[in-house]
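To start, the structure under review is shown below, and the notes come after it.
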Amino acid sequence: MNVLAFSTRAGVEWRWRIVGYSGETVEESQATFATIAQAVAAGSERLQQNTDRDRPRPAWPARR
């Protein structure tokens, strides 16, 4: 997945969007940011939270 930033209709504020490799939107911010760098940083942080949450739990060792 990738994080990208886009400007709002007014063009002075930025939002982040997480997209899958085939281009589908996975999540989009409701908050706006003053700079593209702030938007990408916040989106990257959110992507990392999702990555950690979606990881499978470790398998328990087999008992003998």
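Labeling convention for the structure tokens: chains A, B, ... as they appear, residues from 1 per chain, ligands from 1 in order of appearance.
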task = Give the helix (DSSP H, G or I) residues of chain A, as DSSP finds them on the backbone, and put them as a PyMOL selection string.
result = chain A and resi 36-54
query = Quick one: DSSP strand (DSSP E) residues in chain A, as number ranges by chain?
reply = A: 2-7, 14-19, 25-28
inquiry  = I need the residue nearest Gly43 (chain A) from this list: A:Ile18, A:Phe6, A:Glu13, A:Ala31. Use only C-alpha atoms for the distance.
reply    =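 Selected residue with least distance to Gly43 (chain A): A:Ile18.
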request  = Take CA of Gly20 (chain A) and CA of Thr32 (chain A) and report the distance between them in Å, one decimal.
outcome  =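 Going from CA of Gly20 (chain A) over to CA of Thr32 (chain A) covers 21.3 Å.
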inquiry  = When you count only C-alpha atoms, which of these residues is closest to Leu4 (chain A): A:Ala41, A:Thr25, A:Arg46, A:Trp16?
reply    =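 For Leu4 (chain A), the nearest of the candidates is A:Trp16.
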ask   = In Å, with one decimal, what is the gap from CA of Ala34 (chain A) to CA of Trp14 (chain A)?
value =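 Spanning CA of Ala34 (chain A) to CA of Trp14 (chain A) is a straight-line distance of 6.3 Å.
Between Gln48 (chain A) and the residues A:Phe33, A:Ala10, A:Asn2, A:Pro61, the shortest atom-to-atom distance, using only C-alpha atoms, involves A:Asn2.
CA of Ser7 (chain A) is found 17.8 Å from CA of Val26 (chain A).
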message = I'd like the neighbourhood of Leu47 (chain A) as a PyMOL selection string, where a residue qualifies if any of its atoms comes within 9 Å (using only C-alpha atoms), though same-chain residues fewer than 3 positions away should be ignored.
response = chain A and resi 1-3+18+42-44+50-52
Would you mind exporting the chosen residues as a compact mmCIF listing (two decimals), in the first residue's frame, restricted to N, CA and C atoms?
# COMPACT_ATOMS: atom_id res chain seq x y z
N MET A 1 0.83 -1.17 0.00
CA MET A 1 0.00 0.00 0.00
C MET A 1 0.88 1.24 0.00
N ASN A 2 0.31 2.33 -0.48
CA ASN A 2 1.03 3.59 -0.57
C ASN A 2 0.21 4.71 0.05
N VAL A 3 0.91 5.75 0.49
CA VAL A 3 0.26 6.95 1.01
C VAL A 3 0.51 8.06 0.00
N ILE A 18 -4.69 6.49 1.64
CA ILE A 18 -3.96 5.23 1.54
C ILE A 18 -4.59 4.45 0.40
N ALA A 42 1.27 12.17 8.42
CA ALA A 42 0.12 11.64 9.16
C ALA A 42 -0.42 10.38 8.49
N GLY A 43 -0.46 10.37 7.18
CA GLY A 43 -0.93 9.18 6.46
C GLY A 43 0.01 8.00 6.64
N SER A 44 1.30 8.26 6.65
CA SER A 44 2.28 7.20 6.86
C SER A 44 2.15 6.60 8.26
N ASN A 50 -2.19 0.54 10.79
CA ASN A 50 -2.97 -0.51 10.13
C ASN A 50 -2.12 -1.74 9.88
N THR A 51 -0.88 -1.54 9.50
CA THR A 51 0.01 -2.67 9.25
C THR A 51 0.20 -3.49 10.51
N ASP A 52 0.42 -2.81 11.63
CA ASP A 52 0.60 -3.51 12.90
C ASP A 52 -0.67 -4.24 13.31
